[in-house]
Amino acid sequence: MNETVAPGGAELRARAEIDLAAVRANVRALRERAPGAALMAVVKADGYGHGAVACARAAVEAGATWLGTATPQEALALRAPGAGVPADVRIMCWLWTPGGPWREAVEADLDVSLSGMWALREVIGAARLAGRPARVQLKADTGLGRGGCQPGDDWAELVAGALRAEAEGLLRVTGLWSHFACADEPGHPSVAAQLTRFREMVAYAEGQGVDPEVRHIANSPATLTVPESHFDLVRPGIAMYGVSPSPEIGTPADFGLRPAMTLSAALALVKHVPGGHGVSYGHHYVTPGETTLGLVPLGYADGVPRHASSSGPVLVEGKWRTVAGRIAMDQFVVDLGGDEPGPGAEAVLFGPGDRGEPTAEDWAQAAGTIAYEIVTRIGTRVPRVYVNEGQGG
């Protein structure tokens, strides 16, 4: 087991331990769900809070041949020499704004997504400056209503413009793609409707002469539950990190996945207080009797959601405790019920659940959100500590 430790061997206030063996196993499990398709490991938002570079390398070791990011800056960081991502791994980025680093993307051999004519014009200009063709993927809005080109005249114009630029040697259309709105709700009528629209828009583009390397629409839930959506490539994101994209229909274990992140902290203080003692801002919690309080040195500045005040679960010495009162910027309190763990005792906010600890889904329920947000929002003050970095796991 390889592990990143605190500088000088110092103990960490808090840590987000990332099990890269779990990431590799999750990628393998997802590949088994879509055996006829290539796999793009989505590592946007710093790998959903897990660390983009380390998780990208782990995913590639497990057979991912594509990496996906939202912003071009995220993609360019993966192409940096020190990232250790093999040069033959394809990297796609899809969230562009006017004036973005198009030339840098072309020179780095990134696949860039185009949703409209303005983007096509900018990437053509970048390709001329770079003196090499751009690799582009045309995004179809099949019903999500965010990025992507609308069907009909808009799609026809984008396809025609891309084909003209391809004929001039300025770009290569490498893919046609879209994104689901409700794939995490199996049976939702929009899933079938989007699939039909995607097939229609792909057929139109191919009928005009587009010859894409990949066609793709499947995100994590579609990879797991909508096999007819797999096409040439699947794009799992949250599932790669072992979090269920649809907890209503299955836990991570139900899908053969294992959560990769464990968030913990060392208790900063344990003290006795009398009954009737107010705790944290606003005194929304008052001790019902004489007890002990434990101070957890994590707060909303670290990504612990304030909405989980008085409800977030924490495991301390084998027992579930609940956040007592408000979560503050840097710390929160748990009522230990008279137990007296020493300062430095481990408080586990969430993990895989193997030791009886809460999971990210438990925190999502406590905060009224989704587990995606719980893991992704863990901030930079919390060091990522990687275990099982070798390929043995």
# chains A, B, ... in the order shown; residues from 1 in each chain; ligands from 1
>>> residues_around(residues="stretch 376-382 of chain A", least_positions_apart="6", cutoff="9 Å", atoms="only C-alpha atoms", output="JSON, numbers by chain")
{"A": [12, 13, 14, 15, 16, 45, 46, 47, 48, 49, 50, 263, 298, 300, 301, 302, 303, 304, 305]}
>>> write_last_selection(atoms="N, CA and C atoms", output="compact mmCIF listing (two decimals), in the first residue's frame")
# COMPACT_ATOMS: atom_id res chain seq x y z
N LEU A 12 -2.57 14.70 10.50
CA LEU A 12 -3.48 15.55 9.75
C LEU A 12 -4.69 15.92 10.60
N ARG A 13 -5.06 17.20 10.51
CA ARG A 13 -6.31 17.65 11.13
C ARG A 13 -7.48 16.85 10.58
N ALA A 14 -7.47 16.71 9.28
CA ALA A 14 -8.53 15.97 8.59
C ALA A 14 -7.92 15.39 7.33
N ARG A 15 -8.61 14.42 6.75
CA ARG A 15 -8.10 13.79 5.54
C ARG A 15 -9.25 13.19 4.74
N ALA A 16 -9.09 13.24 3.45
CA ALA A 16 -9.98 12.52 2.56
C ALA A 16 -9.15 11.41 1.95
N ALA A 45 -14.28 18.48 -12.27
CA ALA A 45 -14.40 18.95 -10.88
C ALA A 45 -13.42 18.24 -9.96
N ASP A 46 -12.16 18.19 -10.44
CA ASP A 46 -11.08 17.51 -9.71
C ASP A 46 -11.49 16.09 -9.35
N GLY A 47 -11.97 15.38 -10.35
CA GLY A 47 -12.36 13.99 -10.12
C GLY A 47 -13.47 13.88 -9.08
N TYR A 48 -14.50 14.73 -9.23
CA TYR A 48 -15.62 14.74 -8.27
C TYR A 48 -15.09 14.83 -6.83
N GLY A 49 -14.03 15.64 -6.67
CA GLY A 49 -13.46 15.84 -5.35
C GLY A 49 -12.41 14.82 -4.96
N HIS A 50 -12.17 13.81 -5.78
CA HIS A 50 -11.25 12.73 -5.41
C HIS A 50 -9.82 12.97 -5.91
N LEU A 263 -13.87 10.30 4.49
CA LEU A 263 -13.58 11.61 5.08
C LEU A 263 -13.56 11.48 6.59
N LEU A 298 -13.74 20.29 11.25
CA LEU A 298 -14.18 20.41 9.86
C LEU A 298 -15.42 21.28 9.84
N TYR A 300 -18.02 24.15 7.07
CA TYR A 300 -18.49 24.35 5.71
C TYR A 300 -17.41 24.93 4.80
N ALA A 301 -16.35 25.52 5.37
CA ALA A 301 -15.21 25.93 4.54
C ALA A 301 -14.48 24.73 3.95
N ASP A 302 -14.66 23.59 4.56
CA ASP A 302 -14.06 22.35 4.06
C ASP A 302 -15.03 21.56 3.20
N GLY A 303 -16.25 22.06 3.04
CA GLY A 303 -17.24 21.38 2.23
C GLY A 303 -18.27 20.59 3.00
N VAL A 304 -18.20 20.60 4.33
CA VAL A 304 -19.23 19.92 5.12
C VAL A 304 -20.49 20.77 5.06
N PRO A 305 -21.58 20.24 4.55
CA PRO A 305 -22.75 21.10 4.27
C PRO A 305 -23.42 21.63 5.54
>>> closest_atom_pairs(of="stretch 111-141 of chain A", to="stretch 205-229 of chain A", cutoff="12 Å", atoms="only C-alpha atoms", output="Markdown table")
| residue | atom | partner | partner_atom | distance |
| --- | --- | --- | --- | --- |
| A:Asp111 | CA | A:Val214 | CA | 11.4 |
| A:Arg135 | CA | A:Pro212 | CA | 10.7 |
| A:Val136 | CA | A:Pro212 | CA | 9.8 |
| A:Gln137 | CA | A:Pro212 | CA | 8.3 |
| A:Leu138 | CA | A:Ala205 | CA | 9.5 |
| A:Lys139 | CA | A:Ile217 | CA | 9.7 |
| A:Ala140 | CA | A:Ile217 | CA | 9.6 |
| A:Asp141 | CA | A:Ile217 | CA | 10.7 |
>>> write_last_selection(atoms="C-alpha atoms", output="JSON list (two decimals), in the first residue's frame")
[["chain", "number", "residue", "atom", "x", "y", "z"],
["A", 111, "ASP", "CA", -11.38, 16.56, -28.43],
["A", 135, "ARG", "CA", -10.67, 17.33, -33.20],
["A", 136, "VAL", "CA", -14.29, 18.23, -32.56],
["A", 137, "GLN", "CA", -17.42, 16.51, -31.35],
["A", 138, "LEU", "CA", -20.84, 17.90, -32.19],
["A", 139, "LYS", "CA", -23.23, 17.96, -29.26],
["A", 140, "ALA", "CA", -26.94, 17.46, -29.84],
["A", 141, "ASP", "CA", -29.55, 18.82, -27.45]]
>>> select_by_dssp(residues="stretch 177-235 of chain A", states="alpha helix (DSSP H)", output="list of chain:residue names")
A:Pro189, A:Ser190, A:Val191, A:Ala192, A:Ala193, A:Gln194, A:Leu195, A:Thr196, A:Arg197, A:Phe198, A:Arg199, A:Glu200, A:Met201, A:Val202, A:Ala203, A:Tyr204, A:Ala205, A:Glu206, A:Gly207, A:Gln208, A:Ser220, A:Pro221, A:Ala222, A:Thr223, A:Leu224, A:Thr225
>>> write_last_selection(atoms="C-alpha atoms", output="mmCIF file, in the first residue's frame")
data_model
loop_
_atom_site.group_PDB
_atom_site.id
_atom_site.type_symbol
_atom_site.label_atom_id
_atom_site.label_comp_id
_atom_site.auth_asym_id
_atom_site.auth_seq_id
_atom_site.Cartn_x
_atom_site.Cartn_y
_atom_site.Cartn_z
ATOM 1 C CA PRO A 189 -40.441 8.751 -20.666
ATOM 2 C CA SER A 190 -37.750 11.296 -21.496
ATOM 3 C CA VAL A 191 -35.118 8.548 -21.655
ATOM 4 C CA ALA A 192 -36.717 6.795 -24.611
ATOM 5 C CA ALA A 193 -37.606 10.128 -26.200
ATOM 6 C CA GLN A 194 -34.016 11.340 -25.985
ATOM 7 C CA LEU A 195 -32.690 8.091 -27.396
ATOM 8 C CA THR A 196 -35.038 8.407 -30.366
ATOM 9 C CA ARG A 197 -34.024 12.032 -30.942
ATOM 10 C CA PHE A 198 -30.335 11.156 -30.644
ATOM 11 C CA ARG A 199 -30.632 8.389 -33.208
ATOM 12 C CA GLU A 200 -32.440 10.788 -35.553
ATOM 13 C CA MET A 201 -29.812 13.526 -35.181
ATOM 14 C CA VAL A 202 -26.956 11.044 -35.615
ATOM 15 C CA ALA A 203 -28.625 9.584 -38.697
ATOM 16 C CA TYR A 204 -29.015 13.053 -40.197
ATOM 17 C CA ALA A 205 -25.358 13.948 -39.580
ATOM 18 C CA GLU A 206 -24.119 10.647 -40.962
ATOM 19 C CA GLY A 207 -26.431 10.994 -43.945
ATOM 20 C CA GLN A 208 -24.770 14.314 -44.714
ATOM 21 C CA SER A 220 -23.384 6.788 -15.044
ATOM 22 C CA PRO A 221 -27.037 5.787 -14.584
ATOM 23 C CA ALA A 222 -27.484 4.957 -18.259
ATOM 24 C CA THR A 223 -24.297 2.892 -18.250
ATOM 25 C CA LEU A 224 -25.760 0.871 -15.372
ATOM 26 C CA THR A 225 -29.418 0.613 -16.357
#
>>> select_by_dssp(residues="stretch 111-219 of chain A", states="strand (DSSP E or B)", output="JSON, numbers by chain")
{"A": [111, 112, 113, 114, 134, 135, 136, 137, 138, 139, 140, 149, 171, 172, 173, 174, 175, 176, 177, 214, 215, 216, 218]}
>>> residues_around(residues="A:Ala21", least_positions_apart="6", cutoff="12 Å", atoms="only C-alpha atoms", output="JSON, numbers by chain")
{"A": [1, 2, 27, 28, 54, 55, 57, 58, 59, 61, 62, 240, 241, 242, 257, 258, 259, 260, 261, 386, 387, 388, 389, 390, 391, 392, 393]}
>>> closest_residue(among="A:Tyr281, A:Trp155, A:Phe180, A:Trp94", to="A:Val112", atoms="only C-alpha atoms")
A:Trp94
>>> atom_distance(atom1="atom CA of A:Trp96", atom2="atom CA of A:Leu76")
13.2 Å
>>> residues_around(residues="stretch 286-292 of chain A", least_positions_apart="2", cutoff="7 Å", atoms="only C-alpha atoms", output="list in words")
Val270, Lys271, His272, Val273, Pro274, Gly275, Gly276, His277, Gly278, Val279, His283, His284, Gly294, Asp335, Leu336, Gly337, Gly338, Asp339 and Glu340 of chain A
>>> write_last_selection(atoms="all heavy atoms", output="CSV table (one decimal), in the first residue's frame")
chain,number,residue,atom,x,y,z
A,270,VAL,N,-12.2,17.2,23.7
A,270,VAL,CA,-13.3,16.5,24.3
A,270,VAL,C,-13.5,17.1,25.7
A,270,VAL,O,-12.5,17.2,26.5
A,270,VAL,CB,-13.0,15.0,24.4
A,270,VAL,CG1,-14.2,14.3,25.2
A,270,VAL,CG2,-12.9,14.4,23.0
A,271,LYS,N,-14.7,17.5,26.1
A,271,LYS,CA,-14.9,18.2,27.4
A,271,LYS,C,-16.2,17.8,28.0
A,271,LYS,O,-17.2,17.5,27.3
A,271,LYS,CB,-14.7,19.7,27.2
A,271,LYS,CG,-15.8,20.3,26.3
A,271,LYS,CD,-15.5,21.8,26.2
A,271,LYS,CE,-16.5,22.6,25.4
A,271,LYS,NZ,-16.2,24.0,25.3
A,272,HIS,N,-16.3,17.9,29.3
A,272,HIS,CA,-17.5,17.7,30.0
A,272,HIS,C,-18.3,19.0,30.1
A,272,HIS,O,-17.7,20.1,30.3
A,272,HIS,CB,-17.2,17.3,31.5
A,272,HIS,CG,-16.7,15.9,31.5
A,272,HIS,ND1,-17.4,14.8,31.7
A,272,HIS,CD2,-15.4,15.4,31.5
A,272,HIS,CE1,-16.7,13.7,31.8
A,272,HIS,NE2,-15.4,14.1,31.6
A,273,VAL,N,-19.6,18.9,29.9
A,273,VAL,CA,-20.5,20.1,30.1
A,273,VAL,C,-21.7,19.7,30.9
A,273,VAL,O,-22.1,18.5,30.9
A,273,VAL,CB,-20.9,20.7,28.7
A,273,VAL,CG1,-19.7,21.2,28.0
A,273,VAL,CG2,-21.7,19.7,27.9
A,274,PRO,N,-22.4,20.7,31.6
A,274,PRO,CA,-23.6,20.3,32.3
A,274,PRO,C,-24.8,20.3,31.4
A,274,PRO,O,-24.8,20.7,30.2
A,274,PRO,CB,-23.7,21.5,33.3
A,274,PRO,CG,-23.1,22.6,32.5
A,274,PRO,CD,-21.9,22.1,31.8
A,275,GLY,N,-25.9,19.8,31.9
A,275,GLY,CA,-27.1,19.8,31.2
A,275,GLY,C,-27.6,21.3,31.0
A,275,GLY,O,-27.2,22.2,31.8
A,276,GLY,N,-28.3,21.5,29.9
A,276,GLY,CA,-28.8,22.8,29.6
A,276,GLY,C,-27.8,23.7,29.0
A,276,GLY,O,-28.0,24.9,28.9
A,277,HIS,N,-26.7,23.2,28.5
A,277,HIS,CA,-25.6,23.9,27.9
A,277,HIS,C,-25.8,24.1,26.4
A,277,HIS,O,-26.0,23.1,25.7
A,277,HIS,CB,-24.3,23.2,28.1
A,277,HIS,CG,-23.0,24.1,28.0
A,277,HIS,ND1,-22.7,24.7,26.8
A,277,HIS,CD2,-22.1,24.5,28.9
A,277,HIS,CE1,-21.6,25.4,26.9
A,277,HIS,NE2,-21.2,25.3,28.2
A,278,GLY,N,-25.9,25.3,25.9
A,278,GLY,CA,-26.1,25.6,24.5
A,278,GLY,C,-24.8,25.2,23.7
A,278,GLY,O,-23.7,25.3,24.2
A,279,VAL,N,-25.0,24.8,22.5
A,279,VAL,CA,-23.9,24.3,21.7
A,279,VAL,C,-24.0,25.0,20.3
A,279,VAL,O,-25.0,24.9,19.6
A,279,VAL,CB,-24.0,22.8,21.5
A,279,VAL,CG1,-22.8,22.3,20.6
A,279,VAL,CG2,-23.9,22.1,22.8
A,283,HIS,N,-27.5,28.4,19.5
A,283,HIS,CA,-28.0,27.4,20.5
A,283,HIS,C,-29.2,26.6,20.0
A,283,HIS,O,-30.1,26.4,20.7
A,283,HIS,CB,-28.3,28.2,21.8
A,283,HIS,CG,-27.1,28.6,22.6
A,283,HIS,ND1,-27.2,29.2,23.8
A,283,HIS,CD2,-25.8,28.4,22.4
A,283,HIS,CE1,-26.0,29.4,24.3
A,283,HIS,NE2,-25.1,29.0,23.4
A,284,HIS,N,-29.0,26.1,18.8
A,284,HIS,CA,-30.1,25.2,18.2
A,284,HIS,C,-30.0,23.9,18.9
A,284,HIS,O,-31.0,23.1,18.7
A,284,HIS,CB,-30.0,25.1,16.7
A,284,HIS,CG,-30.3,26.4,16.0
A,284,HIS,ND1,-31.6,26.8,15.7
A,284,HIS,CD2,-29.6,27.5,15.7
A,284,HIS,CE1,-31.6,28.0,15.1
A,284,HIS,NE2,-30.4,28.4,15.1
A,294,GLY,N,-17.6,16.5,21.7
A,294,GLY,CA,-16.4,16.3,20.9
A,294,GLY,C,-16.4,17.4,19.8
A,294,GLY,O,-17.4,17.6,19.2
A,335,ASP,N,-22.3,15.4,20.3
A,335,ASP,CA,-22.6,15.0,21.7
A,335,ASP,C,-22.2,13.5,21.8
A,335,ASP,O,-22.8,12.7,21.2
A,335,ASP,CB,-24.1,15.2,22.0
A,335,ASP,CG,-24.4,15.0,23.5
A,335,ASP,OD1,-23.7,14.3,24.2
A,335,ASP,OD2,-25.4,15.6,23.9
A,336,LEU,N,-21.2,13.3,22.7
A,336,LEU,CA,-20.7,12.0,22.9
A,336,LEU,C,-21.4,11.2,24.0
A,336,LEU,O,-21.0,10.0,24.3
A,336,LEU,CB,-19.2,12.1,23.2
A,336,LEU,CG,-18.3,12.7,22.1
A,336,LEU,CD1,-16.9,13.0,22.6
A,336,LEU,CD2,-18.3,11.8,20.9
A,337,GLY,N,-22.4,11.8,24.6
A,337,GLY,CA,-23.2,11.1,25.5
A,337,GLY,C,-22.5,10.5,26.8
A,337,GLY,O,-22.9,9.5,27.3
A,338,GLY,N,-21.4,11.2,27.2
A,338,GLY,CA,-20.7,10.8,28.4
A,338,GLY,C,-19.5,10.0,28.0
A,338,GLY,O,-18.6,9.8,28.9
A,339,ASP,N,-19.3,9.5,26.8
A,339,ASP,CA,-18.1,8.8,26.4
A,339,ASP,C,-16.9,9.7,26.4
A,339,ASP,O,-17.1,11.0,26.2
A,339,ASP,CB,-18.2,8.1,25.0
A,339,ASP,CG,-19.2,6.9,25.1
A,339,ASP,OD1,-19.6,6.5,26.2
A,339,ASP,OD2,-19.6,6.4,24.0
A,340,GLU,N,-15.7,9.2,26.6
A,340,GLU,CA,-14.6,10.1,26.8
A,340,GLU,C,-13.4,9.7,25.9
A,340,GLU,O,-12.3,9.3,26.4
A,340,GLU,CB,-14.1,10.2,28.2
A,340,GLU,CG,-15.2,10.7,29.2
A,340,GLU,CD,-14.7,10.8,30.6
A,340,GLU,OE1,-13.5,11.0,30.8
A,340,GLU,OE2,-15.5,10.6,31.5
>>> closest_residue(among="A:Gly250, A:Leu315, A:Ala64, A:Val85", to="A:Leu30", atoms="only C-alpha atoms")
A:Ala64
>>> closest_residue(among="A:Ile374, A:Ala37, A:Val42, A:Val123", to="A:Gly237", atoms="only C-alpha atoms")
A:Val42
>>> atom_distance(atom1="atom CA of A:Ala83", atom2="atom CA of A:Val53")
6.1 Å
>>> atom_distance(atom1="atom CA of A:Gln331", atom2="atom CA of A:Gln365")
20.4 Å
>>> closest_residue(among="A:Glu373, A:Glu104, A:Asp362, A:Glu317", to="A:Gly344", atoms="only C-alpha atoms")
A:Glu317
>>> closest_residue(among="A:Ile124, A:Ile327, A:Val316, A:Leu295", to="A:Ala165", atoms="only C-alpha atoms")
A:Ile124
>>> closest_residue(among="A:Phe350, A:Thr359, A:Tyr285, A:Gly318", to="A:Val333", atoms="only C-alpha atoms")
A:Tyr285
>>> residues_around(residues="A:Leu110", least_positions_apart="5", cutoff="7 Å", atoms="only C-alpha atoms", output="PDB file with C-alpha atoms, in the first residue's frame")
ATOM      1  CA  ILE A  91      -9.248  13.624 -23.566  1.00  0.00           C
ATOM      2  CA  MET A  92     -12.507  15.449 -24.232  1.00  0.00           C
ATOM      3  CA  ALA A 105      -6.676  22.692 -26.939  1.00  0.00           C
ATOM      4  CA  ARG A 135     -10.672  17.325 -33.199  1.00  0.00           C
TER       5      ARG A 135
END
>>> decode(residues="stretch 155-184 of chain A", atoms="N, CA, C and O atoms", output="mmCIF file, in the first residue's frame")
data_model
loop_
_atom_site.group_PDB
_atom_site.id
_atom_site.type_symbol
_atom_site.label_atom_id
_atom_site.label_comp_id
_atom_site.auth_asym_id
_atom_site.auth_seq_id
_atom_site.Cartn_x
_atom_site.Cartn_y
_atom_site.Cartn_z
ATOM 1 N N TRP A 155 -29.148 22.296 -36.089
ATOM 2 C CA TRP A 155 -28.291 21.116 -36.242
ATOM 3 C C TRP A 155 -27.795 21.006 -37.683
ATOM 4 O O TRP A 155 -26.609 20.724 -37.920
ATOM 5 N N ALA A 156 -28.676 21.250 -38.631
ATOM 6 C CA ALA A 156 -28.286 21.174 -40.039
ATOM 7 C C ALA A 156 -27.185 22.182 -40.343
ATOM 8 O O ALA A 156 -26.220 21.872 -41.071
ATOM 9 N N GLU A 157 -27.300 23.401 -39.791
ATOM 10 C CA GLU A 157 -26.284 24.431 -40.027
ATOM 11 C C GLU A 157 -24.943 24.031 -39.410
ATOM 12 O O GLU A 157 -23.879 24.199 -40.032
ATOM 13 N N LEU A 158 -24.977 23.495 -38.192
ATOM 14 C CA LEU A 158 -23.733 23.105 -37.531
ATOM 15 C C LEU A 158 -23.067 21.945 -38.267
ATOM 16 O O LEU A 158 -21.847 21.947 -38.479
ATOM 17 N N VAL A 159 -23.847 20.952 -38.654
ATOM 18 C CA VAL A 159 -23.300 19.811 -39.392
ATOM 19 C C VAL A 159 -22.684 20.274 -40.709
ATOM 20 O O VAL A 159 -21.553 19.882 -41.063
ATOM 21 N N ALA A 160 -23.403 21.125 -41.437
ATOM 22 C CA ALA A 160 -22.892 21.600 -42.724
ATOM 23 C C ALA A 160 -21.603 22.392 -42.551
ATOM 24 O O ALA A 160 -20.641 22.226 -43.317
ATOM 25 N N GLY A 161 -21.564 23.257 -41.529
ATOM 26 C CA GLY A 161 -20.361 24.050 -41.291
ATOM 27 C C GLY A 161 -19.176 23.190 -40.907
ATOM 28 O O GLY A 161 -18.042 23.429 -41.352
ATOM 29 N N ALA A 162 -19.421 22.168 -40.094
ATOM 30 C CA ALA A 162 -18.340 21.270 -39.689
ATOM 31 C C ALA A 162 -17.819 20.475 -40.880
ATOM 32 O O ALA A 162 -16.601 20.267 -41.024
ATOM 33 N N LEU A 163 -18.713 20.046 -41.738
ATOM 34 C CA LEU A 163 -18.285 19.289 -42.921
ATOM 35 C C LEU A 163 -17.478 20.152 -43.878
ATOM 36 O O LEU A 163 -16.492 19.685 -44.476
ATOM 37 N N ARG A 164 -17.854 21.415 -44.028
ATOM 38 C CA ARG A 164 -17.069 22.313 -44.891
ATOM 39 C C ARG A 164 -15.652 22.478 -44.335
ATOM 40 O O ARG A 164 -14.667 22.417 -45.068
ATOM 41 N N ALA A 165 -15.569 22.687 -43.008
ATOM 42 C CA ALA A 165 -14.249 22.853 -42.387
ATOM 43 C C ALA A 165 -13.438 21.567 -42.453
ATOM 44 O O ALA A 165 -12.208 21.600 -42.621
ATOM 45 N N GLU A 166 -14.111 20.429 -42.364
ATOM 46 C CA GLU A 166 -13.406 19.156 -42.473
ATOM 47 C C GLU A 166 -12.852 18.980 -43.883
ATOM 48 O O GLU A 166 -11.715 18.501 -44.058
ATOM 49 N N ALA A 167 -13.633 19.376 -44.860
ATOM 50 C CA ALA A 167 -13.174 19.261 -46.250
ATOM 51 C C ALA A 167 -11.961 20.145 -46.511
ATOM 52 O O ALA A 167 -11.117 19.831 -47.358
ATOM 53 N N GLU A 168 -11.841 21.248 -45.769
ATOM 54 C CA GLU A 168 -10.687 22.151 -45.903
ATOM 55 C C GLU A 168 -9.501 21.694 -45.060
ATOM 56 O O GLU A 168 -8.451 22.343 -45.063
ATOM 57 N N GLY A 169 -9.648 20.593 -44.349
ATOM 58 C CA GLY A 169 -8.558 20.105 -43.519
ATOM 59 C C GLY A 169 -8.367 20.845 -42.215
ATOM 60 O O GLY A 169 -7.308 20.739 -41.578
ATOM 61 N N LEU A 170 -9.403 21.585 -41.785
ATOM 62 C CA LEU A 170 -9.288 22.388 -40.568
ATOM 63 C C LEU A 170 -9.735 21.637 -39.326
ATOM 64 O O LEU A 170 -9.397 22.046 -38.212
ATOM 65 N N LEU A 171 -10.514 20.589 -39.504
ATOM 66 C CA LEU A 171 -10.955 19.827 -38.347
ATOM 67 C C LEU A 171 -11.317 18.409 -38.766
ATOM 68 O O LEU A 171 -11.452 18.106 -39.951
ATOM 69 N N ARG A 172 -11.473 17.588 -37.754
ATOM 70 C CA ARG A 172 -11.972 16.226 -37.944
ATOM 71 C C ARG A 172 -13.117 16.040 -36.973
ATOM 72 O O ARG A 172 -12.963 16.273 -35.764
ATOM 73 N N VAL A 173 -14.304 15.682 -37.459
ATOM 74 C CA VAL A 173 -15.445 15.403 -36.593
ATOM 75 C C VAL A 173 -15.253 14.003 -36.013
ATOM 76 O O VAL A 173 -15.454 13.000 -36.698
ATOM 77 N N THR A 174 -14.855 13.947 -34.749
ATOM 78 C CA THR A 174 -14.538 12.658 -34.123
ATOM 79 C C THR A 174 -15.722 12.045 -33.390
ATOM 80 O O THR A 174 -15.683 10.859 -33.060
ATOM 81 N N GLY A 175 -16.754 12.842 -33.113
ATOM 82 C CA GLY A 175 -17.853 12.274 -32.354
ATOM 83 C C GLY A 175 -19.147 13.049 -32.469
ATOM 84 O O GLY A 175 -19.167 14.235 -32.821
ATOM 85 N N LEU A 176 -20.231 12.361 -32.192
ATOM 86 C CA LEU A 176 -21.568 12.930 -32.064
ATOM 87 C C LEU A 176 -22.084 12.485 -30.709
ATOM 88 O O LEU A 176 -22.017 11.298 -30.374
ATOM 89 N N TRP A 177 -22.615 13.436 -29.920
ATOM 90 C CA TRP A 177 -22.947 13.050 -28.549
ATOM 91 C C TRP A 177 -24.073 13.896 -27.984
ATOM 92 O O TRP A 177 -24.474 14.918 -28.552
ATOM 93 N N SER A 178 -24.592 13.416 -26.843
ATOM 94 C CA SER A 178 -25.653 14.129 -26.135
ATOM 95 C C SER A 178 -25.621 13.707 -24.673
ATOM 96 O O SER A 178 -24.732 12.949 -24.255
ATOM 97 N N HIS A 179 -26.574 14.207 -23.895
ATOM 98 C CA HIS A 179 -26.590 13.919 -22.456
ATOM 99 C C HIS A 179 -28.042 13.768 -21.983
ATOM 100 O O HIS A 179 -28.915 14.511 -22.401
ATOM 101 N N PHE A 180 -28.252 12.788 -21.105
ATOM 102 C CA PHE A 180 -29.595 12.513 -20.598
ATOM 103 C C PHE A 180 -30.015 13.494 -19.500
ATOM 104 O O PHE A 180 -29.183 13.989 -18.733
ATOM 105 N N ALA A 181 -31.311 13.693 -19.407
ATOM 106 C CA ALA A 181 -31.884 14.510 -18.341
ATOM 107 C C ALA A 181 -32.332 13.677 -17.145
ATOM 108 O O ALA A 181 -32.195 14.104 -15.990
ATOM 109 N N CYS A 182 -32.861 12.483 -17.395
ATOM 110 C CA CYS A 182 -33.518 11.715 -16.335
ATOM 111 C C CYS A 182 -33.127 10.239 -16.340
ATOM 112 O O CYS A 182 -33.943 9.389 -15.968
ATOM 113 N N ALA A 183 -31.904 9.925 -16.736
ATOM 114 C CA ALA A 183 -31.502 8.520 -16.773
ATOM 115 C C ALA A 183 -31.442 7.900 -15.383
ATOM 116 O O ALA A 183 -31.440 6.675 -15.253
ATOM 117 N N ASP A 184 -31.362 8.760 -14.347
ATOM 118 C CA ASP A 184 -31.368 8.241 -12.974
ATOM 119 C C ASP A 184 -32.772 7.894 -12.495
ATOM 120 O O ASP A 184 -32.946 7.494 -11.341
#
